[in-house]
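> Below are the structure tokens for one structure; questions will follow.
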Amino acid sequence: MRTGDHKVARGSIGVEFSAVPNPVVLRIYGVKNGVPITNVRPDSPAAKAGLQGEDTITAVNGKNIKSGDELVNLISATRPGNKLNVTYVRNGQEKQTSVVVADRAKLFNDRTDQATDDSPEESEPAPTKLGITVKPVSPEIAERMGTPEGKGVQVTDVKADSFGYDLGLQPGMVIIKVNKQPVNTEEDFRKIMAQLKSGQDVVFLVRAGRGPNGGNAFISGTLP
């Protein structure tokens, strides 16, 4: 945003999260309120403060955070260089850290066409059958997608009118975890899928998009 010729610096800490508060994600990650993080940008203020993907931010400066909008507004309103005290939950344990806010324009100057940090990745849940086919992630795909080599499986096909289709899973996405469990092979994926039962919450942590313009997102729903 600009006023006259002077650019107003927007604060940012370098985290990504899903746009809409989702009770399924909160249940799987064992928290009642907060904003579950899908990814932390390397070398960002959040990374330097020790925050990681799959942490859930529950409060900032003692104020409970219930939605991504609240988190965005609070961080954006903080002048770069100032510190925020962040309360978060990791593996069921509440922790605290201090994060130095950065200028969003400088932190994300290589990402122009994706909603990122403190601006969310959209995902809409809706259940039917599973209908997802996957394959191992090749080194070339890992490099292109910006994922660690040997991690995740790539979606190759999603059947129309299936559970995966209704959730928004798409060919090309890389599934990194299902219900917090790492998925690095087709066998990993099959084993986790075999354990899922009707009425169970399912949360996929996925990577979509390529390289620096890619981002992690939670895609979730309840099995019919």
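Quick note on naming: the chains in the structure tokens go A, B, ... in the order shown, residues restart at 1 in each chain, and ligands are numbered from 1 in order of appearance.
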Using only C-alpha atoms, determine which residues lie at most 12 Å from stretch 30-32 of chain A, disregarding the query and same-chain residues fewer than 4 positions distant; provide the list as a list in words.

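What passes the distance filter is Pro21, Asn22, Pro23, Val24, Val25, Leu26, Pro36, Glu54, Asp55, Thr56, Ile57, Thr58, Asn64, Ile65, Lys66, Ser67, Tyr88, Val89, Arg90, Asn91, Gly92, Gln93, Glu94, Asn179 and Lys180 of chain A.
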
> Could you turn the residues from that selection into a file that holds C-alpha atoms, as a CSV table (one decimal), in the first residue's frame?


```csv
chain,number,residue,atom,x,y,z
A,21,PRO,CA,-10.0,-21.9,10.3
A,22,ASN,CA,-10.6,-25.6,10.0
A,23,PRO,CA,-11.8,-27.7,13.0
A,24,VAL,CA,-10.5,-30.9,11.3
A,25,VAL,CA,-6.9,-29.6,11.2
A,26,LEU,CA,-7.2,-28.3,14.8
A,36,PRO,CA,-1.8,-24.2,12.3
A,54,GLU,CA,2.9,-27.9,11.7
A,55,ASP,CA,3.3,-25.7,14.8
A,56,THR,CA,0.0,-24.0,15.8
A,57,ILE,CA,0.3,-20.3,16.8
A,58,THR,CA,-2.2,-19.8,19.6
A,64,ASN,CA,-5.3,-15.3,21.7
A,65,ILE,CA,-5.3,-15.8,18.0
A,66,LYS,CA,-8.3,-17.6,16.5
A,67,SER,CA,-8.0,-16.9,12.8
A,88,TYR,CA,2.6,-21.9,19.9
A,89,VAL,CA,1.8,-25.6,20.4
A,90,ARG,CA,4.1,-28.3,19.1
A,91,ASN,CA,3.2,-32.0,19.6
A,92,GLY,CA,0.7,-31.1,22.3
A,93,GLN,CA,3.2,-28.9,24.3
A,94,GLU,CA,2.8,-25.1,24.6
A,179,ASN,CA,-2.5,-36.9,9.8
A,180,LYS,CA,1.0,-35.9,10.9
```

> Quick one: residues within 7 Å of A:Pro45, only C-alpha atoms counted, chain neighbours fewer than 5 positions away excluded, as a count of residues only?

6

> In terms of the shortest atom-to-atom distance over only C-alpha atoms, which of A:Gln181, A:Ser198, A:Asn39, A:Ser220 is closest to A:Leu169?

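Residue with the minimum atom-to-atom distance to A:Leu169: A:Ser220.
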
> How many Å separate atom CA of A:Gly199 from atom CA of A:Gly221?

9.6 Å

> What's around A:Arg210 at 10 Å? Count only C-alpha atoms, leave out sequence neighbours fewer than 3 positions away in its own chain, and write the answer as a VMD selection string.

chain A and resid 141 to 147 172 to 173 207 213 to 215

> As number ranges by chain, please: the residues near A:Thr222 (cut-off 7 Å, only C-alpha atoms, same-chain neighbours under 4 positions excluded).

A: 127, 199-202

> Which of these, A:Ala59, A:Leu74, A:Val153, A:Met193, has the shortest distance to A:Pro136 once you count only C-alpha atoms?

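Using only C-alpha atoms, A:Pro136 sits closest to A:Val153.
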
> With only C-alpha atoms as the counted atoms, please give the residues lying no more than 7 Å from A:Ile176, apart from itself and same-chain residues fewer than 3 positions off, as a PyMOL selection string.

chain A and resi 151-153+182-183+205-206

> Got time to write the residues from that selection, N, CA, C and O atoms, as a compact mmCIF listing (two decimals), in the first residue's frame?


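Output file result_2.txt follows:
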```txt
# COMPACT_ATOMS: atom_id res chain seq x y z
N LYS A 151 11.38 -37.07 0.08
CA LYS A 151 10.25 -36.79 0.96
C LYS A 151 8.96 -36.62 0.14
O LYS A 151 8.95 -35.93 -0.88
N GLY A 152 7.89 -37.24 0.61
CA GLY A 152 6.59 -37.04 -0.01
C GLY A 152 6.33 -37.98 -1.18
O GLY A 152 7.22 -38.68 -1.66
N VAL A 153 5.06 -37.99 -1.61
CA VAL A 153 4.66 -38.71 -2.82
C VAL A 153 3.87 -37.75 -3.70
O VAL A 153 3.18 -36.87 -3.19
N PRO A 182 4.60 -38.90 8.19
CA PRO A 182 5.33 -38.69 6.94
C PRO A 182 4.95 -39.74 5.89
O PRO A 182 4.73 -40.90 6.21
N VAL A 183 4.85 -39.29 4.66
CA VAL A 183 4.51 -40.18 3.54
C VAL A 183 5.62 -40.02 2.50
O VAL A 183 5.65 -39.04 1.77
N LEU A 205 -0.95 -32.69 4.41
CA LEU A 205 -0.03 -31.56 4.26
C LEU A 205 0.59 -31.70 2.88
O LEU A 205 1.27 -32.70 2.60
N VAL A 206 0.31 -30.75 1.99
CA VAL A 206 0.73 -30.89 0.60
C VAL A 206 1.59 -29.70 0.17
O VAL A 206 1.54 -28.62 0.76
```

> Just give me the gap between atom CA of A:Arg104 and atom CA of A:Val174 in Å, one decimal is fine.

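Computing the Euclidean distance for atom CA of A:Arg104 and atom CA of A:Val174 yields 26.7 Å.
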
> Can you tell me, as an mmCIF file with all heavy atoms, in the first residue's frame, what residues are no more than 8 Å from A:Gln96 when counting only C-alpha atoms, ignoring any on the same chain fewer than 3 positions away?


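Okay, this is what ended up in around-v8.cif:
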```cif
data_model
loop_
_atom_site.group_PDB
_atom_site.id
_atom_site.type_symbol
_atom_site.label_atom_id
_atom_site.label_comp_id
_atom_site.auth_asym_id
_atom_site.auth_seq_id
_atom_site.Cartn_x
_atom_site.Cartn_y
_atom_site.Cartn_z
ATOM 1 N N ASN A 85 6.037 -11.566 20.861
ATOM 2 C CA ASN A 85 6.124 -12.781 21.670
ATOM 3 C C ASN A 85 5.046 -13.752 21.189
ATOM 4 O O ASN A 85 3.856 -13.458 21.285
ATOM 5 C CB ASN A 85 5.923 -12.451 23.152
ATOM 6 C CG ASN A 85 7.067 -11.617 23.703
ATOM 7 O OD1 ASN A 85 8.230 -11.895 23.426
ATOM 8 N ND2 ASN A 85 6.742 -10.590 24.471
ATOM 9 N N VAL A 86 5.484 -14.869 20.638
ATOM 10 C CA VAL A 86 4.576 -15.823 20.004
ATOM 11 C C VAL A 86 4.439 -17.071 20.876
ATOM 12 O O VAL A 86 5.440 -17.691 21.259
ATOM 13 C CB VAL A 86 5.085 -16.217 18.602
ATOM 14 C CG1 VAL A 86 4.202 -17.297 17.984
ATOM 15 C CG2 VAL A 86 5.143 -14.991 17.699
ATOM 16 N N THR A 87 3.184 -17.422 21.190
ATOM 17 C CA THR A 87 2.889 -18.675 21.885
ATOM 18 C C THR A 87 2.412 -19.682 20.849
ATOM 19 O O THR A 87 1.572 -19.357 20.003
ATOM 20 C CB THR A 87 1.788 -18.466 22.947
ATOM 21 O OG1 THR A 87 2.195 -17.426 23.847
ATOM 22 C CG2 THR A 87 1.546 -19.742 23.731
ATOM 23 N N TYR A 88 2.962 -20.905 20.904
ATOM 24 C CA TYR A 88 2.579 -21.908 19.915
ATOM 25 C C TYR A 88 2.552 -23.286 20.560
ATOM 26 O O TYR A 88 3.097 -23.498 21.655
ATOM 27 C CB TYR A 88 3.533 -21.888 18.713
ATOM 28 C CG TYR A 88 4.978 -22.235 19.027
ATOM 29 C CD1 TYR A 88 5.478 -23.516 18.797
ATOM 30 C CD2 TYR A 88 5.850 -21.281 19.547
ATOM 31 C CE1 TYR A 88 6.791 -23.845 19.077
ATOM 32 C CE2 TYR A 88 7.173 -21.587 19.825
ATOM 33 C CZ TYR A 88 7.638 -22.871 19.593
ATOM 34 O OH TYR A 88 8.951 -23.189 19.883
#
```

> So how many Å separate atom CA of A:Ser44 and atom CA of A:Leu71, to one decimal?

16.4 Å
